Every structure is written in structure tokens, then in C-alpha cells.
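What follows is the content of start-v6.tsv (TSV, N, CA and C atoms).
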chain	number	residue	atom	x	y	z
U	1	MET	N	47.47	-3.44	-24.58
U	1	MET	CA	46.73	-3.00	-23.41
U	1	MET	C	47.45	-3.50	-22.15
U	2	VAL	N	47.77	-2.61	-21.26
U	2	VAL	CA	48.51	-2.95	-20.05
U	2	VAL	C	47.74	-3.94	-19.19
U	3	THR	N	46.45	-3.72	-19.03
U	3	THR	CA	45.65	-4.59	-18.18
U	3	THR	C	45.71	-6.03	-18.67
U	4	GLY	N	45.54	-6.25	-19.97
U	4	GLY	CA	45.60	-7.60	-20.51
U	4	GLY	C	46.98	-8.22	-20.33
U	5	PHE	N	48.03	-7.41	-20.54
U	5	PHE	CA	49.39	-7.89	-20.34
U	5	PHE	C	49.61	-8.29	-18.89
U	6	LEU	N	49.15	-7.43	-17.97
U	6	LEU	CA	49.32	-7.72	-16.55
U	6	LEU	C	48.57	-8.99	-16.17
U	7	PHE	N	47.33	-9.11	-16.62
U	7	PHE	CA	46.53	-10.30	-16.32
U	7	PHE	C	47.23	-11.56	-16.81
U	8	GLU	N	47.72	-11.52	-18.03
U	8	GLU	CA	48.40	-12.70	-18.59
U	8	GLU	C	49.69	-12.99	-17.85
U	9	SER	N	50.41	-11.96	-17.46
U	9	SER	CA	51.65	-12.16	-16.70
U	9	SER	C	51.37	-12.82	-15.36
U	10	VAL	N	50.33	-12.36	-14.68
U	10	VAL	CA	49.96	-12.94	-13.39
U	10	VAL	C	49.51	-14.38	-13.57
U	11	ARG	N	48.73	-14.64	-14.60
U	11	ARG	CA	48.27	-16.01	-14.85
U	11	ARG	C	49.46	-16.94	-15.09
U	12	ALA	N	50.45	-16.48	-15.85
U	12	ALA	CA	51.64	-17.29	-16.12
U	12	ALA	C	52.41	-17.57	-14.83
U	13	LEU	N	52.51	-16.57	-13.96
U	13	LEU	CA	53.20	-16.77	-12.68
U	13	LEU	C	52.47	-17.82	-11.83
U	14	VAL	N	51.16	-17.71	-11.75
U	14	VAL	CA	50.36	-18.66	-10.97
U	14	VAL	C	50.53	-20.07	-11.53
U	15	GLN	N	50.46	-20.20	-12.84
U	15	GLN	CA	50.61	-21.52	-13.47
U	15	GLN	C	52.00	-22.09	-13.24
U	16	ALA	N	52.99	-21.22	-13.06
U	16	ALA	CA	54.36	-21.66	-12.81
U	16	ALA	C	54.58	-21.99	-11.33
U	17	GLY	N	53.53	-21.82	-10.53
U	17	GLY	CA	53.65	-22.15	-9.12
U	17	GLY	C	54.15	-21.02	-8.24
U	18	VAL	N	54.27	-19.84	-8.80
U	18	VAL	CA	54.74	-18.69	-8.02
U	18	VAL	C	53.57	-18.19	-7.15
U	19	PRO	N	53.80	-18.02	-5.85
U	19	PRO	CA	52.70	-17.50	-5.01
U	19	PRO	C	52.41	-16.05	-5.38
U	20	VAL	N	51.16	-15.75	-5.64
U	20	VAL	CA	50.73	-14.42	-6.05
U	20	VAL	C	49.65	-13.94	-5.09
U	21	ILE	N	49.83	-12.74	-4.58
U	21	ILE	CA	48.80	-12.13	-3.74
U	21	ILE	C	47.86	-11.38	-4.67
U	22	ARG	N	46.62	-11.79	-4.70
U	22	ARG	CA	45.65	-11.18	-5.60
U	22	ARG	C	45.02	-9.95	-4.95
U	23	LEU	N	45.15	-8.82	-5.63
U	23	LEU	CA	44.59	-7.57	-5.12
U	23	LEU	C	43.54	-7.01	-6.07
U	24	ALA	N	42.82	-7.91	-6.72
U	24	ALA	CA	41.74	-7.49	-7.61
U	24	ALA	C	40.59	-6.94	-6.75
U	25	ALA	N	39.56	-6.48	-7.40
U	25	ALA	CA	38.41	-5.93	-6.69
U	25	ALA	C	37.91	-6.92	-5.64
U	26	GLY	N	37.71	-6.43	-4.46
U	26	GLY	CA	37.25	-7.27	-3.36
U	26	GLY	C	35.74	-7.33	-3.30
U	27	GLU	N	35.14	-7.71	-4.37
U	27	GLU	CA	33.68	-7.77	-4.46
U	27	GLU	C	33.18	-8.98	-3.67
U	28	PRO	N	32.35	-8.75	-2.65
U	28	PRO	CA	31.84	-9.89	-1.87
U	28	PRO	C	30.91	-10.76	-2.70
U	29	ASP	N	30.83	-12.01	-2.32
U	29	ASP	CA	29.96	-12.95	-3.02
U	29	ASP	C	28.65	-13.16	-2.25
U	30	PHE	N	28.26	-12.14	-1.48
U	30	PHE	CA	27.03	-12.21	-0.69
U	30	PHE	C	26.43	-10.81	-0.61
U	31	ASP	N	25.14	-10.74	-0.33
U	31	ASP	CA	24.47	-9.46	-0.17
U	31	ASP	C	24.89	-8.83	1.16
U	32	THR	N	24.82	-7.51	1.22
U	32	THR	CA	25.11	-6.82	2.47
U	32	THR	C	24.10	-7.27	3.52
U	33	PRO	N	24.58	-7.71	4.70
U	33	PRO	CA	23.64	-8.12	5.75
U	33	PRO	C	22.66	-6.99	6.08
U	34	SER	N	21.42	-7.33	6.32
U	34	SER	CA	20.38	-6.33	6.51
U	34	SER	C	20.68	-5.39	7.66
U	35	VAL	N	21.29	-5.87	8.73
U	35	VAL	CA	21.59	-4.99	9.87
U	35	VAL	C	22.57	-3.89	9.45
U	36	ILE	N	23.50	-4.21	8.56
U	36	ILE	CA	24.47	-3.21	8.07
U	36	ILE	C	23.78	-2.24	7.12
U	37	ALA	N	22.96	-2.77	6.21
U	37	ALA	CA	22.23	-1.90	5.27
U	37	ALA	C	21.32	-0.94	6.02
U	38	GLU	N	20.62	-1.44	7.04
U	38	GLU	CA	19.72	-0.59	7.81
U	38	GLU	C	20.49	0.47	8.60
U	39	ALA	N	21.64	0.09	9.15
U	39	ALA	CA	22.46	1.07	9.88
U	39	ALA	C	22.96	2.16	8.92
U	40	GLY	N	23.33	1.77	7.72
U	40	GLY	CA	23.77	2.74	6.73
U	40	GLY	C	22.66	3.69	6.33
U	41	MET	N	21.48	3.15	6.12
U	41	MET	CA	20.34	4.01	5.76
U	41	MET	C	19.97	4.94	6.90
U	42	SER	N	20.02	4.44	8.13
U	42	SER	CA	19.72	5.28	9.29
U	42	SER	C	20.74	6.41	9.40
U	43	ALA	N	22.01	6.09	9.20
U	43	ALA	CA	23.05	7.12	9.27
U	43	ALA	C	22.81	8.21	8.23
U	44	LEU	N	22.43	7.81	7.02
U	44	LEU	CA	22.13	8.80	5.98
U	44	LEU	C	20.96	9.68	6.40
U	45	CYS	N	19.90	9.07	6.92
U	45	CYS	CA	18.72	9.82	7.35
U	45	CYS	C	19.04	10.76	8.51
U	46	GLU	N	20.05	10.40	9.33
U	46	GLU	CA	20.45	11.22	10.47
U	46	GLU	C	21.46	12.30	10.08
U	47	GLY	N	21.78	12.39	8.80
U	47	GLY	CA	22.65	13.46	8.33
U	47	GLY	C	24.13	13.13	8.26
U	48	TYR	N	24.49	11.88	8.45
U	48	TYR	CA	25.90	11.50	8.33
U	48	TYR	C	26.26	11.34	6.86
U	49	THR	N	26.46	12.48	6.21
U	49	THR	CA	26.71	12.48	4.77
U	49	THR	C	28.00	13.19	4.39
U	50	ARG	N	28.81	13.53	5.35
U	50	ARG	CA	30.06	14.25	5.10
U	50	ARG	C	31.26	13.29	5.21
U	51	TYR	N	32.37	13.74	4.68
U	51	TYR	CA	33.60	12.96	4.83
U	51	TYR	C	33.98	12.90	6.30
U	52	THR	N	34.58	11.80	6.69
U	52	THR	CA	35.08	11.64	8.05
U	52	THR	C	36.59	11.90	8.06
U	53	PRO	N	37.21	11.97	9.23
U	53	PRO	CA	38.66	12.15	9.27
U	53	PRO	C	39.37	11.01	8.51
U	54	ASN	N	40.53	11.33	7.94
U	54	ASN	CA	41.27	10.33	7.16
U	54	ASN	C	41.58	9.06	7.93
U	55	VAL	N	41.79	9.15	9.23
U	55	VAL	CA	42.13	7.97	10.03
U	55	VAL	C	40.90	7.22	10.51
U	56	GLY	N	39.71	7.74	10.24
U	56	GLY	CA	38.48	7.14	10.74
U	56	GLY	C	38.00	7.91	11.96
U	57	THR	N	36.73	7.81	12.27
U	57	THR	CA	36.19	8.53	13.43
U	57	THR	C	36.71	7.90	14.72
U	58	LEU	N	36.78	8.70	15.77
U	58	LEU	CA	37.21	8.20	17.07
U	58	LEU	C	36.28	7.07	17.53
U	59	GLU	N	34.98	7.23	17.28
U	59	GLU	CA	34.00	6.20	17.67
U	59	GLU	C	34.32	4.87	16.99
U	60	LEU	N	34.61	4.89	15.70
U	60	LEU	CA	34.93	3.65	14.97
U	60	LEU	C	36.24	3.05	15.46
U	61	ARG	N	37.27	3.89	15.61
U	61	ARG	CA	38.57	3.38	16.05
U	61	ARG	C	38.48	2.81	17.46
U	62	SER	N	37.66	3.41	18.32
U	62	SER	CA	37.45	2.88	19.68
U	62	SER	C	36.74	1.54	19.62
U	63	ALA	N	35.75	1.41	18.74
U	63	ALA	CA	35.04	0.14	18.58
U	63	ALA	C	35.98	-0.95	18.06
U	64	ILE	N	36.88	-0.60	17.18
U	64	ILE	CA	37.86	-1.57	16.67
U	64	ILE	C	38.76	-2.03	17.81
U	65	CYS	N	39.20	-1.09	18.65
U	65	CYS	CA	40.04	-1.45	19.81
U	65	CYS	C	39.30	-2.43	20.72
U	66	LYS	N	38.04	-2.15	20.97
U	66	LYS	CA	37.23	-3.02	21.83
U	66	LYS	C	37.13	-4.42	21.22
U	67	LYS	N	36.85	-4.51	19.93
U	67	LYS	CA	36.73	-5.79	19.24
U	67	LYS	C	38.04	-6.56	19.32
U	68	LEU	N	39.16	-5.88	19.05
U	68	LEU	CA	40.46	-6.56	19.08
U	68	LEU	C	40.78	-7.09	20.47
U	69	LYS	N	40.42	-6.34	21.51
U	69	LYS	CA	40.67	-6.77	22.88
U	69	LYS	C	39.79	-7.97	23.24
U	70	GLU	N	38.49	-7.86	22.96
U	70	GLU	CA	37.54	-8.90	23.37
U	70	GLU	C	37.65	-10.17	22.55
U	71	GLU	N	37.85	-10.05	21.25
U	71	GLU	CA	37.83	-11.22	20.38
U	71	GLU	C	39.21	-11.77	20.03
U	72	ASN	N	40.23	-10.91	20.12
U	72	ASN	CA	41.56	-11.34	19.71
U	72	ASN	C	42.59	-11.28	20.83
U	73	GLY	N	42.21	-10.69	21.96
U	73	GLY	CA	43.11	-10.62	23.10
U	73	GLY	C	44.31	-9.70	22.90
U	74	ILE	N	44.18	-8.71	22.02
U	74	ILE	CA	45.27	-7.76	21.80
U	74	ILE	C	44.78	-6.35	22.09
U	75	SER	N	45.66	-5.54	22.64
U	75	SER	CA	45.26	-4.20	23.07
U	75	SER	C	45.91	-3.11	22.22
U	76	TYR	N	45.07	-2.20	21.78
U	76	TYR	CA	45.50	-1.02	21.05
U	76	TYR	C	44.71	0.15	21.57
U	77	THR	N	45.22	1.35	21.34
U	77	THR	CA	44.48	2.57	21.66
U	77	THR	C	44.03	3.17	20.33
U	78	PRO	N	42.98	3.99	20.35
U	78	PRO	CA	42.47	4.54	19.09
U	78	PRO	C	43.53	5.28	18.27
U	79	ASP	N	44.53	5.89	18.92
U	79	ASP	CA	45.56	6.61	18.16
U	79	ASP	C	46.51	5.65	17.44
U	80	GLN	N	46.40	4.35	17.72
U	80	GLN	CA	47.21	3.34	17.03
U	80	GLN	C	46.44	2.67	15.89
U	81	ILE	N	45.20	3.07	15.68
U	81	ILE	CA	44.33	2.46	14.67
U	81	ILE	C	44.13	3.44	13.52
U	82	LEU	N	44.20	2.94	12.31
U	82	LEU	CA	43.92	3.73	11.11
U	82	LEU	C	42.92	2.95	10.27
U	83	VAL	N	41.87	3.60	9.86
U	83	VAL	CA	40.84	2.98	9.04
U	83	VAL	C	41.06	3.43	7.59
U	84	SER	N	41.06	2.49	6.67
U	84	SER	CA	41.28	2.86	5.28
U	84	SER	C	40.11	2.40	4.42
U	85	ASN	N	40.16	2.81	3.15
U	85	ASN	CA	39.09	2.43	2.23
U	85	ASN	C	39.39	1.15	1.49
U	86	GLY	N	40.47	0.46	1.83
U	86	GLY	CA	40.76	-0.82	1.20
U	86	GLY	C	42.24	-1.16	1.22
U	87	SER	N	42.52	-2.42	0.98
U	87	SER	CA	43.91	-2.89	1.07
U	87	SER	C	44.81	-2.27	0.02
U	88	LYS	N	44.34	-2.13	-1.20
U	88	LYS	CA	45.20	-1.57	-2.25
U	88	LYS	C	45.61	-0.14	-1.91
U	89	GLN	N	44.68	0.66	-1.43
U	89	GLN	CA	45.00	2.03	-1.06
U	89	GLN	C	46.00	2.06	0.09
U	90	SER	N	45.80	1.21	1.08
U	90	SER	CA	46.72	1.17	2.23
U	90	SER	C	48.11	0.74	1.82
U	91	ILE	N	48.20	-0.29	0.99
U	91	ILE	CA	49.51	-0.76	0.53
U	91	ILE	C	50.21	0.32	-0.28
U	92	LEU	N	49.48	0.98	-1.18
U	92	LEU	CA	50.07	2.05	-1.98
U	92	LEU	C	50.59	3.17	-1.08
U	93	GLN	N	49.80	3.59	-0.11
U	93	GLN	CA	50.23	4.65	0.79
U	93	GLN	C	51.49	4.25	1.57
U	94	ALA	N	51.54	3.01	2.04
U	94	ALA	CA	52.71	2.53	2.77
U	94	ALA	C	53.95	2.51	1.88
U	95	VAL	N	53.81	2.02	0.66
U	95	VAL	CA	54.94	1.97	-0.27
U	95	VAL	C	55.41	3.38	-0.60
U	96	LEU	N	54.48	4.29	-0.86
U	96	LEU	CA	54.86	5.66	-1.17
U	96	LEU	C	55.55	6.35	0.00
U	97	ALA	N	55.19	5.93	1.22
U	97	ALA	CA	55.78	6.55	2.40
U	97	ALA	C	57.23	6.13	2.62
U	98	VAL	N	57.60	4.94	2.16
U	98	VAL	CA	58.95	4.44	2.46
U	98	VAL	C	59.84	4.30	1.24
U	99	CYS	N	59.32	4.49	0.05
U	99	CYS	CA	60.11	4.32	-1.16
U	99	CYS	C	60.34	5.66	-1.85
U	100	SER	N	61.43	5.74	-2.56
U	100	SER	CA	61.77	6.94	-3.31
U	100	SER	C	61.84	6.61	-4.79
U	101	PRO	N	61.73	7.62	-5.65
U	101	PRO	CA	61.87	7.37	-7.08
U	101	PRO	C	63.19	6.65	-7.37
U	102	GLY	N	63.11	5.60	-8.17
U	102	GLY	CA	64.29	4.83	-8.51
U	102	GLY	C	64.52	3.61	-7.63
U	103	ASP	N	63.82	3.53	-6.47
U	103	ASP	CA	63.95	2.35	-5.63
U	103	ASP	C	63.39	1.14	-6.33
U	104	GLU	N	63.97	-0.02	-6.09
U	104	GLU	CA	63.45	-1.25	-6.65
U	104	GLU	C	62.59	-1.93	-5.60
U	105	VAL	N	61.37	-2.22	-5.96
U	105	VAL	CA	60.41	-2.80	-5.00
U	105	VAL	C	60.01	-4.17	-5.48
Take the structure I supplied and represent it as C-alpha cells, if you would.
Amino acid sequence: MVTGFLFESVRALVQAGVPVIRLAAGEPDFDTPSVIAEAGMSALCEGYTRYTPNVGTLELRSAICKKLKEENGISYTPDQILVSNGSKQSILQAVLAVCSPGDEV
């Protein structure tokens, strides 16, 4: 089984002191905060049930820009922001964009 082999290989690397970036399921160890759950339920009740643009909605990307400016002191415009469904998907897309069959990664 590939999964078992991969898990054991990673465990051996970690035990050998090799730094490993873990990209397993990012399951939180806490319940969804009620304000987020309520906002999600409200959005569903208001009809927000369709797919959004691949890069994220303009409203969300603008809110991210505002957060980055106010809390982190860095400026971006919404066209410089991309919202993804998770780190593994983003990393895969980036690798596929710059690598060709036969490349060593």
C-alpha cells in the first residue's frame, strides 16, 4: 500500500532528524467559532450556494487586502490576491505550472 509506505518513509525521515513539512489533513482541533458558523448559515439562507470565481470573490480579496494592510503593514491590490481551497492544492498547482514531465523536483 502506497500510503503505508509513504507514512513509514516520512516517519523514518523525521526520526533521522530530516526536517519534514507535514501536509496531512489540516483538521482543526477546535469547533468552528459561532460567528463563522452563523455567517455561513446566513449566506446559505441568502442563496449563496453557487461556485465562486476560481481566484475568490472580489469582496473577499478586497477584505484580505484590508486585513494585510491594517494588521501586517503590507499593501496588495485584489488582483494580486488568489484564494485557494488549501495549501496542498495551491502547492500542486504551482508545481504543475512550472515543472514539466521528467523534471526532478
Next on the checklist: Please report the interatomic distance between CA of Gly56 (chain U) and CA of Gln80 (chain U) in Å with one decimal.
Outcome noted: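 CA of Gln80 (chain U) lies 11.4 Å from CA of Gly56 (chain U).
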Item to check | Sel. of alpha helix (DSSP H) residues, region 1-34 of chain U, as a ChimeraX atom specification | outcome: /U:2-15,34
With 4 Å added on each side, what axis-aligned box encloses every listed atom of region 81-90 of chain U? Give the centre and edge lengths in Å to one decimal, as lines of an AutoDock Vina configuration file.
center_x = 43.6
center_y = 0.4
center_z = 6.7
size_x = 17.0
size_y = 14.6
size_z = 25.9
Checklist entry - Could you work out how far atom N of Lys67 (chain U) lies from CA of Thr52 (chain U), giving the answer in Å with one decimal? => result 20.1 Å
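Counting all atoms listed in the file and comparing U:Asn72, U:Val83, U:Ala37, U:Thr32, the residue that lies closest to Asn54 (chain U) is U:Val83.
Between atom C of Val18 (chain U) and atom N of Gly4 (chain U) the separation is 19.3 Å.
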Item to check | Nearest residue to Leu58 (chain U) from the set U:Ser100, U:Asp79, U:Ala43, U:Glu27 (distances using all atoms listed in the file) | outcome: U:Asp79
Starting from the incomplete input, reconstruct N, CA, C and O atoms of region 43-55 of chain U and write that as a PDB file, in the coordinates of the input.
ATOM      1  N   ALA U  43      22.010   6.090   9.200  1.00  0.00           N
ATOM      2  CA  ALA U  43      23.050   7.120   9.270  1.00  0.00           C
ATOM      3  C   ALA U  43      22.810   8.210   8.230  1.00  0.00           C
ATOM      4  O   ALA U  43      22.954   9.398   8.529  1.00  0.00           O
ATOM      5  N   LEU U  44      22.430   7.810   7.020  1.00  0.00           N
ATOM      6  CA  LEU U  44      22.130   8.800   5.980  1.00  0.00           C
ATOM      7  C   LEU U  44      20.960   9.680   6.400  1.00  0.00           C
ATOM      8  O   LEU U  44      21.004  10.914   6.252  1.00  0.00           O
ATOM      9  N   CYS U  45      19.900   9.070   6.920  1.00  0.00           N
ATOM     10  CA  CYS U  45      18.720   9.820   7.350  1.00  0.00           C
ATOM     11  C   CYS U  45      19.040  10.760   8.510  1.00  0.00           C
ATOM     12  O   CYS U  45      18.399  11.792   8.677  1.00  0.00           O
ATOM     13  N   GLU U  46      20.050  10.400   9.330  1.00  0.00           N
ATOM     14  CA  GLU U  46      20.450  11.220  10.470  1.00  0.00           C
ATOM     15  C   GLU U  46      21.460  12.300  10.080  1.00  0.00           C
ATOM     16  O   GLU U  46      21.951  13.029  10.936  1.00  0.00           O
ATOM     17  N   GLY U  47      21.780  12.390   8.800  1.00  0.00           N
ATOM     18  CA  GLY U  47      22.650  13.460   8.330  1.00  0.00           C
ATOM     19  C   GLY U  47      24.130  13.130   8.260  1.00  0.00           C
ATOM     20  O   GLY U  47      24.954  14.015   8.046  1.00  0.00           O
ATOM     21  N   TYR U  48      24.490  11.880   8.450  1.00  0.00           N
ATOM     22  CA  TYR U  48      25.900  11.500   8.330  1.00  0.00           C
ATOM     23  C   TYR U  48      26.260  11.340   6.860  1.00  0.00           C
ATOM     24  O   TYR U  48      26.301  10.239   6.322  1.00  0.00           O
ATOM     25  N   THR U  49      26.460  12.480   6.210  1.00  0.00           N
ATOM     26  CA  THR U  49      26.710  12.480   4.770  1.00  0.00           C
ATOM     27  C   THR U  49      28.000  13.190   4.390  1.00  0.00           C
ATOM     28  O   THR U  49      28.264  13.403   3.214  1.00  0.00           O
ATOM     29  N   ARG U  50      28.810  13.530   5.350  1.00  0.00           N
ATOM     30  CA  ARG U  50      30.060  14.250   5.100  1.00  0.00           C
ATOM     31  C   ARG U  50      31.260  13.290   5.210  1.00  0.00           C
ATOM     32  O   ARG U  50      31.155  12.223   5.795  1.00  0.00           O
ATOM     33  N   TYR U  51      32.370  13.740   4.680  1.00  0.00           N
ATOM     34  CA  TYR U  51      33.600  12.960   4.830  1.00  0.00           C
ATOM     35  C   TYR U  51      33.980  12.900   6.300  1.00  0.00           C
ATOM     36  O   TYR U  51      33.747  13.839   7.052  1.00  0.00           O
ATOM     37  N   THR U  52      34.580  11.800   6.690  1.00  0.00           N
ATOM     38  CA  THR U  52      35.080  11.640   8.050  1.00  0.00           C
ATOM     39  C   THR U  52      36.590  11.900   8.060  1.00  0.00           C
ATOM     40  O   THR U  52      37.196  12.009   6.996  1.00  0.00           O
ATOM     41  N   PRO U  53      37.210  11.970   9.230  1.00  0.00           N
ATOM     42  CA  PRO U  53      38.660  12.150   9.270  1.00  0.00           C
ATOM     43  C   PRO U  53      39.370  11.010   8.510  1.00  0.00           C
ATOM     44  O   PRO U  53      38.876   9.879   8.474  1.00  0.00           O
ATOM     45  N   ASN U  54      40.530  11.330   7.940  1.00  0.00           N
ATOM     46  CA  ASN U  54      41.270  10.330   7.160  1.00  0.00           C
ATOM     47  C   ASN U  54      41.580   9.060   7.930  1.00  0.00           C
ATOM     48  O   ASN U  54      41.642   7.985   7.345  1.00  0.00           O
ATOM     49  N   VAL U  55      41.790   9.150   9.230  1.00  0.00           N
ATOM     50  CA  VAL U  55      42.130   7.970  10.030  1.00  0.00           C
ATOM     51  C   VAL U  55      40.900   7.220  10.510  1.00  0.00           C
ATOM     52  O   VAL U  55      41.017   6.159  11.119  1.00  0.00           O
TER      53      VAL U  55
END
